[in-house]
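Source file: input-v1.csv. Holds: CSV, C-alpha atoms.
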chain,number,residue,atom,x,y,z
N,1,MET,CA,19.4,-53.1,-53.4
N,2,SER,CA,17.5,-49.8,-54.1
N,3,VAL,CA,15.0,-48.4,-51.7
N,4,ASP,CA,11.4,-48.0,-52.7
N,5,GLU,CA,11.9,-48.7,-56.3
N,6,SER,CA,8.2,-49.0,-57.0
N,7,SER,CA,7.5,-45.5,-55.8
N,8,PRO,CA,10.3,-43.1,-56.6
N,9,ASP,CA,10.5,-39.9,-54.8
N,10,PRO,CA,8.8,-37.0,-56.6
N,11,GLN,CA,11.0,-34.4,-58.1
N,12,PRO,CA,10.4,-30.8,-57.0
N,13,PRO,CA,8.2,-28.9,-59.5
N,14,GLY,CA,10.5,-25.9,-59.4
N,15,PRO,CA,12.4,-23.6,-57.2
N,16,GLN,CA,9.3,-21.6,-56.6
N,17,ALA,CA,7.2,-24.5,-55.4
N,18,ASP,CA,6.4,-24.2,-51.7
N,19,THR,CA,6.7,-27.0,-49.2
N,20,ALA,CA,3.0,-27.4,-49.1
N,21,ALA,CA,2.8,-28.4,-52.7
N,22,LEU,CA,5.8,-30.7,-52.3
N,23,PHE,CA,4.1,-32.2,-49.3
N,24,GLU,CA,0.9,-32.9,-51.2
N,25,GLN,CA,2.8,-34.5,-54.1
N,26,ALA,CA,4.7,-36.7,-51.7
N,27,VAL,CA,1.6,-37.8,-49.9
N,28,ARG,CA,0.0,-38.8,-53.2
N,29,THR,CA,3.1,-40.7,-54.2
N,30,HIS,CA,3.8,-42.5,-50.9
N,31,SER,CA,0.6,-43.0,-49.1
N,32,ARG,CA,-0.1,-46.5,-50.4
N,33,ARG,CA,3.2,-47.9,-49.1
N,34,LEU,CA,3.1,-45.8,-45.9
N,35,LEU,CA,-0.3,-47.4,-45.1
N,36,ALA,CA,1.2,-50.9,-45.7
N,37,ILE,CA,4.1,-50.1,-43.4
N,38,ALA,CA,1.9,-48.8,-40.7
N,39,ARG,CA,-0.5,-51.7,-40.9
N,40,SER,CA,2.4,-54.2,-40.9
N,41,ILE,CA,4.0,-52.6,-37.8
N,42,ALA,CA,1.0,-51.6,-35.8
N,43,GLY,CA,-1.0,-54.7,-36.6
N,44,ASN,CA,-4.4,-54.5,-35.1
N,45,ARG,CA,-3.2,-52.3,-32.3
N,46,ALA,CA,-4.0,-49.1,-34.2
N,47,SER,CA,-5.6,-48.0,-37.4
N,48,ALA,CA,-3.0,-47.7,-40.1
N,49,GLU,CA,-4.9,-44.6,-41.4
N,50,ASP,CA,-4.6,-42.9,-38.1
N,51,VAL,CA,-1.0,-43.7,-37.7
N,52,VAL,CA,-0.1,-42.4,-41.2
N,53,GLN,CA,-2.3,-39.3,-40.9
N,54,GLN,CA,-0.9,-38.4,-37.5
N,55,ALA,CA,2.7,-38.9,-38.7
N,56,LEU,CA,2.1,-36.8,-41.8
N,57,ALA,CA,0.3,-34.1,-39.9
N,58,ASN,CA,3.3,-33.8,-37.7
N,59,LEU,CA,5.5,-33.5,-40.7
N,60,PHE,CA,3.3,-30.9,-42.3
N,61,GLU,CA,3.3,-28.8,-39.2
N,62,HIS,CA,7.1,-28.6,-39.3
N,63,ARG,CA,7.4,-28.9,-43.0
N,64,ALA,CA,9.7,-25.9,-43.4
N,65,ARG,CA,12.4,-27.8,-41.5
N,66,TYR,CA,12.6,-30.7,-44.0
N,67,ASP,CA,14.0,-31.2,-47.4
N,68,TRP,CA,11.0,-32.2,-49.5
N,69,ARG,CA,12.9,-33.1,-52.6
N,70,GLU,CA,13.5,-36.6,-51.1
N,71,PRO,CA,10.5,-37.1,-48.9
N,72,GLY,CA,10.3,-41.0,-49.1
N,73,GLY,CA,12.7,-41.7,-46.3
N,74,LEU,CA,11.4,-38.8,-44.2
N,75,MET,CA,7.8,-40.0,-44.4
N,76,ARG,CA,8.8,-43.6,-43.8
N,77,ARG,CA,10.7,-42.7,-40.7
N,78,ALA,CA,7.8,-40.6,-39.4
N,79,VAL,CA,5.3,-43.4,-39.9
N,80,VAL,CA,7.5,-46.0,-38.3
N,81,ASN,CA,8.2,-43.8,-35.3
N,82,GLU,CA,4.5,-43.0,-35.0
N,83,ALA,CA,3.6,-46.7,-35.2
N,84,LEU,CA,6.2,-47.6,-32.6
N,85,ARG,CA,5.0,-44.7,-30.4
N,86,ILE,CA,1.4,-46.1,-30.5
N,87,LEU,CA,2.7,-49.6,-29.8
N,88,ARG,CA,4.5,-48.4,-26.6
N,89,GLN,CA,1.2,-47.0,-25.3
N,90,PRO,CA,-1.0,-49.2,-23.0
N,91,ARG,CA,-3.2,-51.4,-25.1
N,92,MET,CA,-6.5,-49.7,-25.4
N,93,THR,CA,-8.2,-50.7,-28.6
N,94,MET,CA,-8.1,-53.4,-31.2
N,95,VAL,CA,-8.7,-52.5,-34.8
N,96,ALA,CA,-10.5,-54.8,-37.1
N,97,ASP,CA,-8.4,-56.1,-40.0
N,98,ASP,CA,-9.9,-54.6,-43.1
N,99,HIS,CA,-7.7,-56.6,-45.5
N,100,PRO,CA,-8.6,-60.2,-44.9
N,101,GLY,CA,-8.6,-62.7,-47.6
N,102,HIS,CA,-5.9,-64.1,-49.7
N,103,SER,CA,-2.9,-62.7,-51.4
N,104,SER,CA,-0.9,-63.9,-54.3
N,105,LEU,CA,2.7,-64.9,-53.9
N,106,PRO,CA,5.3,-63.5,-56.2
N,107,ASP,CA,5.8,-66.9,-57.8
N,108,GLY,CA,2.2,-67.1,-58.8
N,109,GLY,CA,1.1,-69.3,-56.0
N,110,MET,CA,-1.8,-68.5,-53.7
N,111,LEU,CA,-1.8,-68.3,-49.9
N,112,ASP,CA,-5.0,-69.3,-48.3
N,113,ARG,CA,-6.6,-67.1,-45.7
N,114,GLU,CA,-5.7,-69.4,-42.9
N,115,THR,CA,-2.0,-69.3,-43.7
N,116,ILE,CA,-2.1,-65.5,-44.1
N,117,GLU,CA,-3.8,-65.2,-40.7
N,118,LYS,CA,-1.2,-67.5,-39.1
N,119,VAL,CA,1.7,-65.5,-40.5
N,120,ARG,CA,0.0,-62.3,-39.5
N,121,SER,CA,-0.6,-63.5,-36.0
N,122,ALA,CA,3.0,-64.7,-35.7
N,123,ILE,CA,4.4,-61.4,-36.9
N,124,ASP,CA,2.1,-59.5,-34.5
N,125,ARG,CA,3.6,-61.5,-31.7
N,126,LEU,CA,7.1,-60.4,-32.5
N,127,PRO,CA,8.6,-57.6,-30.5
N,128,GLU,CA,7.8,-54.3,-32.1
N,129,HIS,CA,11.4,-53.5,-33.2
N,130,PHE,CA,11.8,-56.9,-34.7
N,131,ARG,CA,8.7,-56.4,-36.7
N,132,ALA,CA,9.6,-52.9,-37.8
N,133,ALA,CA,13.1,-54.1,-38.9
N,134,LEU,CA,11.5,-56.9,-40.9
N,135,VAL,CA,9.1,-54.6,-42.6
N,136,LEU,CA,11.7,-52.1,-43.5
N,137,CYS,CA,14.1,-54.8,-44.7
N,138,GLU,CA,11.8,-57.2,-46.6
N,139,TYR,CA,9.0,-54.9,-47.7
N,140,GLU,CA,10.8,-51.6,-48.2
N,141,GLY,CA,14.1,-53.3,-49.2
N,142,MET,CA,16.1,-50.9,-47.1
N,143,ALA,CA,19.8,-51.5,-46.3
N,144,TYR,CA,20.8,-52.2,-42.7
N,145,VAL,CA,22.3,-48.8,-42.3
N,146,GLN,CA,19.1,-47.1,-43.4
N,147,ILE,CA,17.0,-49.3,-41.1
N,148,ALA,CA,19.4,-48.4,-38.3
N,149,GLU,CA,18.9,-44.7,-39.1
N,150,VAL,CA,15.1,-45.0,-39.1
N,151,LEU,CA,14.9,-47.0,-35.9
N,152,GLY,CA,17.6,-45.0,-34.1
N,153,CYS,CA,19.9,-47.9,-33.4
N,154,SER,CA,23.2,-49.5,-34.6
N,155,VAL,CA,23.6,-51.7,-37.6
N,156,PRO,CA,24.6,-54.7,-35.5
N,157,GLN,CA,21.4,-54.2,-33.5
N,158,VAL,CA,19.4,-54.3,-36.7
N,159,LYS,CA,21.1,-57.5,-37.8
N,160,THR,CA,20.4,-59.0,-34.4
N,161,TRP,CA,16.7,-58.0,-34.5
N,162,LEU,CA,16.3,-59.3,-38.0
N,163,HIS,CA,18.0,-62.6,-37.3
N,164,ARG,CA,16.0,-63.2,-34.0
N,165,GLY,CA,12.8,-62.0,-35.6
N,166,ARG,CA,13.2,-64.4,-38.5
N,167,LYS,CA,14.2,-67.2,-36.2
N,168,GLN,CA,11.2,-66.7,-33.9
N,169,LEU,CA,8.9,-66.5,-37.0
N,170,ALA,CA,10.3,-69.7,-38.4
N,171,ARG,CA,9.7,-71.5,-35.1
N,172,MET,CA,6.2,-70.2,-34.9
N,173,LEU,CA,5.3,-71.0,-38.5
N,174,GLU,CA,7.3,-74.1,-38.9
N,175,GLU,CA,4.3,-76.2,-39.8
N,176,PHE,CA,3.3,-73.7,-42.5
N,177,MET,CA,6.7,-72.8,-43.9
N,178,SER,CA,8.3,-76.2,-44.1
N,179,PRO,CA,9.1,-77.3,-47.6
N,180,GLU,CA,7.3,-80.6,-47.2
N,181,LYS,CA,3.9,-78.8,-46.8
S,1,MET,CA,20.3,-78.9,-42.0
S,2,ALA,CA,22.1,-75.5,-42.2
S,3,SER,CA,23.7,-74.1,-39.1
S,4,GLU,CA,22.7,-71.0,-37.3
S,5,THR,CA,25.6,-69.1,-38.9
S,6,ASP,CA,24.7,-70.3,-42.3
S,7,LEU,CA,21.1,-69.3,-41.9
S,8,GLU,CA,22.2,-65.8,-40.9
S,9,MET,CA,24.5,-65.6,-43.9
S,10,LEU,CA,21.7,-66.8,-46.2
S,11,GLU,CA,19.4,-64.1,-44.8
S,12,ALA,CA,22.2,-61.5,-45.3
S,13,TYR,CA,22.7,-62.8,-48.8
S,14,LEU,CA,19.0,-62.2,-49.7
S,15,ASP,CA,19.2,-58.8,-47.9
S,16,ASP,CA,22.0,-58.0,-50.3
S,17,ALA,CA,24.1,-57.2,-47.2
S,18,LEU,CA,27.2,-59.4,-48.0
S,19,SER,CA,30.4,-58.2,-49.4
S,20,ALA,CA,31.4,-59.2,-52.9
S,21,SER,CA,34.0,-61.7,-51.6
S,22,GLU,CA,31.4,-63.2,-49.2
S,23,VAL,CA,28.9,-63.6,-52.1
S,24,VAL,CA,31.5,-65.3,-54.2
S,25,GLY,CA,32.3,-67.7,-51.4
S,26,LEU,CA,28.6,-68.4,-50.7
S,27,ASP,CA,27.8,-69.0,-54.3
S,28,ARG,CA,30.6,-71.6,-54.4
S,29,ARG,CA,29.3,-73.3,-51.4
S,30,LEU,CA,25.7,-73.3,-52.8
S,31,ILE,CA,27.0,-75.3,-55.7
S,32,THR,CA,28.9,-77.8,-53.7
S,33,GLU,CA,26.6,-78.1,-50.7
S,34,PRO,CA,23.0,-79.3,-51.6
S,35,GLY,CA,21.9,-78.9,-48.0
S,36,LEU,CA,22.8,-75.2,-48.1
S,37,ALA,CA,21.0,-74.7,-51.4
S,38,THR,CA,17.9,-76.3,-49.9
S,39,ALA,CA,18.1,-74.0,-46.8
S,40,LEU,CA,18.3,-71.0,-49.2
S,41,GLN,CA,15.1,-72.1,-50.9
S,42,THR,CA,13.4,-72.5,-47.5
S,43,VAL,CA,14.5,-69.0,-46.4
S,44,ARG,CA,13.4,-67.6,-49.8
S,45,GLY,CA,10.0,-69.2,-49.3
S,46,ARG,CA,9.5,-67.8,-45.9
S,47,ARG,CA,10.5,-64.3,-47.1
S,48,ALA,CA,8.0,-64.7,-50.0
S,49,VAL,CA,5.2,-65.4,-47.6
S,50,ARG,CA,6.1,-62.4,-45.4
S,51,LEU,CA,6.4,-60.2,-48.4
S,52,ALA,CA,3.0,-61.3,-49.7
S,53,LEU,CA,1.5,-60.5,-46.3
S,54,PHE,CA,3.1,-57.1,-46.2
S,55,LYS,CA,1.9,-56.4,-49.7
S,56,SER,CA,-1.6,-57.5,-48.8
S,57,HIS,CA,-1.7,-54.5,-46.4
S,58,GLU,CA,-1.4,-52.1,-49.4
S,59,PRO,CA,-4.7,-50.4,-50.2
S,60,ASP,CA,-5.9,-50.3,-53.8
S,61,ASP,CA,-5.2,-47.2,-55.9
S,62,ALA,CA,-8.7,-45.7,-55.3
S,63,ALA,CA,-8.4,-46.2,-51.6
S,64,ALA,CA,-4.9,-44.8,-51.5
S,65,GLU,CA,-5.9,-41.7,-53.5
S,66,LYS,CA,-8.9,-41.1,-51.3
S,67,PHE,CA,-6.7,-41.4,-48.2
S,68,ALA,CA,-4.2,-39.0,-49.7
S,69,ASP,CA,-7.1,-36.5,-50.2
S,70,VAL,CA,-8.1,-36.9,-46.6
S,71,VAL,CA,-4.6,-36.4,-45.3
S,72,ILE,CA,-4.0,-33.3,-47.4
S,73,ALA,CA,-7.3,-31.7,-46.5
S,74,SER,CA,-6.7,-32.5,-42.9
S,75,ALA,CA,-3.2,-31.0,-43.0
S,76,ARG,CA,-4.5,-27.8,-44.6
S,77,ARG,CA,-7.3,-27.6,-42.0
S,78,SER,CA,-4.9,-28.1,-39.2
S,79,ALA,CA,-2.5,-25.5,-40.6
S,80,TRP,CA,-5.3,-22.9,-40.7
S,81,HIS,CA,-6.4,-24.0,-37.2
S,82,ARG,CA,-2.9,-23.5,-35.9
S,83,LYS,CA,-2.6,-20.1,-37.5
S,84,ILE,CA,-5.9,-19.0,-35.8
S,85,VAL,CA,-4.8,-20.4,-32.5
S,86,ARG,CA,-1.5,-18.6,-32.8
S,87,ALA,CA,-3.1,-15.3,-33.7
S,88,SER,CA,-5.6,-15.7,-30.8
S,89,ARG,CA,-2.8,-16.4,-28.4
S,90,ALA,CA,-1.0,-13.2,-29.5
S,91,ALA,CA,-4.1,-11.1,-29.2
S,92,ALA,CA,-4.9,-12.6,-25.8
S,93,THR,CA,-1.4,-11.9,-24.6
S,94,LEU,CA,-1.6,-8.3,-25.8
S,95,ALA,CA,-4.9,-7.8,-24.1
S,96,ALA,CA,-3.6,-9.3,-20.9
S,97,CYS,CA,-0.6,-7.0,-21.0
S,98,VAL,CA,-2.8,-4.0,-21.5
S,99,LEU,CA,-5.2,-5.1,-18.7
S,100,VAL,CA,-2.3,-5.7,-16.3
S,101,GLY,CA,-0.8,-2.3,-17.1
S,102,PHE,CA,-4.2,-0.6,-16.7
S,103,ALA,CA,-4.8,-2.4,-13.4
S,104,ALA,CA,-1.3,-1.6,-12.1
S,105,GLY,CA,-1.8,2.0,-13.0
S,106,TRP,CA,-5.3,2.1,-11.4
S,107,MET,CA,-4.1,0.5,-8.2
S,108,GLY,CA,-1.0,2.7,-8.0
S,109,ARG,CA,-2.7,6.0,-8.7
S,110,GLY,CA,-1.8,8.7,-6.2
S,111,HIS,CA,1.2,6.8,-4.9
S,112,GLY,CA,3.6,7.6,-7.7
S,113,PRO,CA,5.8,10.6,-8.0
S,114,VAL,CA,3.9,13.9,-8.4
S,115,ALA,CA,4.6,16.3,-11.1
S,116,PRO,CA,7.8,18.2,-10.6
S,117,VAL,CA,7.4,21.5,-9.0
S,118,ALA,CA,10.6,23.1,-10.3
S,119,SER,CA,13.6,22.3,-12.3
S,120,VAL,CA,16.3,21.6,-9.9
S,121,GLY,CA,19.2,20.8,-12.2
S,122,PRO,CA,20.5,17.7,-13.8
S,123,HIS,CA,19.9,15.4,-10.7
S,124,PRO,CA,16.5,16.3,-9.3
S,125,ALA,CA,16.2,13.0,-7.5
S,126,LYS,CA,19.0,13.9,-5.2
S,127,VAL,CA,17.3,17.0,-3.9
S,128,GLU,CA,13.6,16.0,-4.0
S,129,GLY,CA,12.3,15.8,-0.5
S,130,HIS,CA,14.9,18.1,0.9
S,131,LEU,CA,13.8,21.3,-0.6
S,132,VAL,CA,13.3,24.4,1.5
S,133,ALA,CA,11.5,27.3,0.0
S,134,HIS,CA,12.6,30.8,0.8
S,135,VAL,CA,9.9,33.3,0.5
S,136,PRO,CA,10.9,36.9,-0.5
S,137,LYS,CA,10.2,39.6,2.0
S,138,PRO,CA,7.8,42.3,1.1
S,139,GLY,CA,10.6,44.9,1.1
S,140,ASP,CA,12.6,43.2,-1.5
S,141,THR,CA,13.2,45.4,-4.5
S,142,GLY,CA,13.7,44.8,-8.2
S,143,GLY,CA,10.1,43.8,-9.0
S,144,MET,CA,11.3,40.2,-9.1
S,145,TYR,CA,10.4,37.6,-6.5
S,146,GLN,CA,12.5,34.6,-6.1
S,147,VAL,CA,12.1,31.2,-4.4
S,148,ALA,CA,15.4,29.6,-3.7
S,149,LEU,CA,15.5,25.8,-3.6
S,150,THR,CA,18.1,24.3,-1.3
S,151,ASP,CA,19.2,20.8,-0.5
S,152,GLU,CA,19.5,19.3,2.9
S,153,ASN,CA,22.8,21.0,3.5
S,154,GLY,CA,21.4,24.4,2.8
S,155,ASN,CA,23.1,24.7,-0.6
S,156,VAL,CA,21.1,26.6,-3.2
S,157,ILE,CA,20.5,24.4,-6.1
S,158,ALA,CA,17.9,26.4,-8.1
S,159,VAL,CA,16.1,29.6,-8.0
S,160,GLN,CA,12.6,30.1,-9.3
S,161,LYS,CA,11.7,33.7,-10.3
S,162,PHE,CA,8.2,35.2,-10.2
S,163,ASN,CA,6.9,38.6,-11.2
S,164,ARG,CA,4.3,38.7,-8.5
S,165,VAL,CA,4.7,38.0,-4.8
S,166,GLU,CA,1.4,36.0,-4.7
S,167,ASP,CA,2.8,33.6,-7.2
S,168,ALA,CA,6.0,33.2,-5.3
S,169,ARG,CA,4.1,32.5,-2.1
S,170,GLN,CA,1.8,30.1,-3.8
S,171,PHE,CA,4.8,28.2,-5.2
S,172,ALA,CA,6.4,28.1,-1.7
S,173,ASP,CA,3.2,26.9,-0.2
S,174,ASP,CA,2.9,24.2,-2.8
S,175,LEU,CA,6.5,23.1,-2.2
S,176,GLY,CA,5.7,22.9,1.5
S,177,GLN,CA,2.7,20.8,0.9
S,178,TYR,CA,4.7,18.6,-1.4
S,179,GLN,CA,7.4,18.1,1.2
S,180,ALA,CA,4.8,17.3,3.9
S,181,ARG,CA,3.2,14.8,1.5
S,182,ARG,CA,6.4,13.0,0.8
S,183,GLN,CA,7.2,12.9,4.4
S,184,GLN,CA,3.8,11.3,5.0
S,185,VAL,CA,4.4,8.7,2.4
S,186,GLU,CA,7.9,7.8,3.6
S,187,GLU,CA,6.6,7.4,7.1
S,188,GLY,CA,3.8,5.2,5.9
S,189,ARG,CA,1.0,7.3,7.3
S,190,PRO,CA,-2.4,7.3,5.6
S,191,MET,CA,-3.0,10.0,3.0
S,192,LEU,CA,-6.1,11.3,1.4
S,193,ILE,CA,-5.8,10.7,-2.3
S,194,SER,CA,-8.2,13.4,-3.2
S,195,ASP,CA,-6.1,15.9,-1.3
S,196,ARG,CA,-2.9,15.1,-3.2
S,197,PHE,CA,-0.5,17.7,-4.4

Written as structure tokens, how would this file's structure read?
Amino acid sequence: MSVDESSPDPQPPGPQADTAALFEQAVRTHSRRLLAIARSIAGNRASAEDVVQQALANLFEHRARYDWREPGGLMRRAVVNEALRILRQPRMTMVADDHPGHSSLPDGGMLDRETIEKVRSAIDRLPEHFRAALVLCEYEGMAYVQIAEVLGCSVPQVKTWLHRGRKQLARMLEEFMSPEK
Amino acid sequence: MASETDLEMLEAYLDDALSASEVVGLDRRLITEPGLATALQTVRGRRAVRLALFKSHEPDDAAAEKFADVVIASARRSAWHRKIVRASRAAATLAACVLVGFAAGWMGRGHGPVAPVASVGPHPAKVEGHLVAHVPKPGDTGGMYQVALTDENGNVIAVQKFNRVEDARQFADDLGQYQARRQQVEEGRPMLISDRF
């Protein structure tokens, strides 16, 4: 399973290109998915834009330290860590969901708003690391070892979080996810 | 209904996290066990819902482009801001050092070592404060007047020559004042700054 197939990492424009130019190119390439990751992990606890902006500002500040030829993983890790950092803070604000409505399923079906909200609510109730592991695994398509690297834990820990997270979600969403429905 | 272990294996199967031999084994079971195949469809359905939800969080192209512009502009601004702050800090540090140095010099004026009165060899610190001036007598001949500088043991460590006796006397007087001043400082007695040597 490849990582981030829909948004391949940008190639460096040339040996003379400075890190600022590479950073800008990477931001344009990855911002869409980074926002989705931030929103999926932080939920309504923080603005996804703030999370991504802060994470990328931190990266830009120390941009000389990083290899910008493969910025996808770097930026993803920064955003996930920033989102988790915000989630660890005392709950101060709630951010309005600016993406309500319905979303199409890959098989062409449609999910109504109520179902989406139930799923969203269930995912928001998961422990933060369960949620982060789920997003990285199912949305970003990352391998367990890569998720472990991003979340700073072991591969068995990732497997445990994923399994428990899915189990809890299934329990919470049983009425919506059952095949009979 | 699939067991807990089977569900975990099905999730790993969809995560592409099984080994080749495990995949082959599971594929065989999926053919022979309809219940397991149904469980796989259920797991797939749940994942599809979650993926749809995660994808619904993606902004559209225009919003993503606008956001990227904001992030880049903000990063550039913050980089300039950091440069200015860094330069300001360096300037402030330099100014503080100059100010402290000036203040220390101002507060310590008159208490530091006075200008050397004579060359006393390679180790002047050893003899300073223990000098005794010998004034030439009026009857001395040779047209040369000398002031011998001795240490506390009476050993001559330097000789200062003068052409005029007044100069030699003045030098000896100055040395005497200098010695008295040092004595005063060492004993901690008050001293008039304007009257320094």

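Of the residues listed (S:Lys83, S:Arg181, S:Arg29, S:Lys161), S:Lys83 shows the shortest atom-to-atom separation from chain N; distances use all atoms listed in the file.
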
Checklist entry - Which residue out of S:Ala180, S:Ala12, S:Ala87, S:Val185 has the minimum interatomic distance to chain N when all atoms listed in the file are used? => result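 Checking each candidate against chain N, we get S:Ala12 as the closest.
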
For chain S versus chain N, which residues have an atom no more than 8 Å away, and what is each residue's nearest atom pair and distance in Å rounded to one decimal, using all atoms listed in the file, chain-then-number order, as a Markdown table?
| residue | atom | partner | partner_atom | distance |
| --- | --- | --- | --- | --- |
| S:Glu8 | CA | N:His163 | CA | 6.4 |
| S:Glu11 | CA | N:His163 | CA | 7.8 |
| S:Asp15 | CA | N:Cys137 | CA | 7.2 |
| S:Asp16 | CA | N:Met1 | CA | 6.4 |
| S:Ala17 | CA | N:Ala143 | CA | 7.2 |
| S:Thr42 | CA | N:Pro179 | CA | 6.4 |
| S:Gly45 | CA | N:Met177 | CA | 7.3 |
| S:Arg46 | CA | N:Met177 | CA | 6.1 |
| S:Arg47 | CA | N:Glu138 | CA | 7.2 |
| S:Ala48 | CA | N:Leu105 | CA | 6.6 |
| S:Val49 | CA | N:Leu105 | CA | 6.8 |
| S:Arg50 | CA | N:Val119 | CA | 7.3 |
| S:Leu51 | CA | N:Tyr139 | CA | 5.9 |
| S:Ala52 | CA | N:Leu105 | CA | 5.5 |
| S:Leu53 | CA | N:Ile116 | CA | 6.5 |
| S:Phe54 | CA | N:Ser40 | CA | 6.1 |
| S:Lys55 | CA | N:Ala36 | CA | 6.8 |
| S:Ser56 | CA | N:Ser103 | CA | 6.0 |
| S:His57 | CA | N:Ala36 | CA | 4.7 |
| S:Glu58 | CA | N:Ala36 | CA | 4.7 |
| S:Pro59 | CA | N:Arg32 | CA | 6.0 |
| S:Asp60 | CA | N:Arg32 | CA | 7.7 |
| S:Asp61 | CA | N:Arg32 | CA | 7.5 |
| S:Ala64 | CA | N:Arg32 | CA | 5.2 |
| S:Glu65 | CA | N:Arg28 | CA | 6.6 |
| S:Phe67 | CA | N:Ser31 | CA | 7.5 |
| S:Ala68 | CA | N:Arg28 | CA | 5.5 |
| S:Val71 | CA | N:Gln53 | CA | 5.7 |
| S:Ile72 | CA | N:Glu24 | CA | 6.2 |
| S:Ser74 | CA | N:Ala57 | CA | 7.8 |
| S:Ala75 | CA | N:Ala57 | CA | 5.6 |
| S:Ser78 | CA | N:Ala57 | CA | 8.0 |
| S:Ala79 | CA | N:Glu61 | CA | 6.8 |

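Our summary of the geometry notes that CA of Glu33 in chain S is positioned 10.0 Å from CA of Ala2 in chain S.
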
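Picture a line from CA of Leu22 in chain N to CA of His62 in chain N; it runs 13.2 Å.
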
Item to check | Coordinates-based distance that separates CA of Leu36 in chain S from CA of Tyr13 in chain S (Å, one decimal) | outcome: 12.4 Å
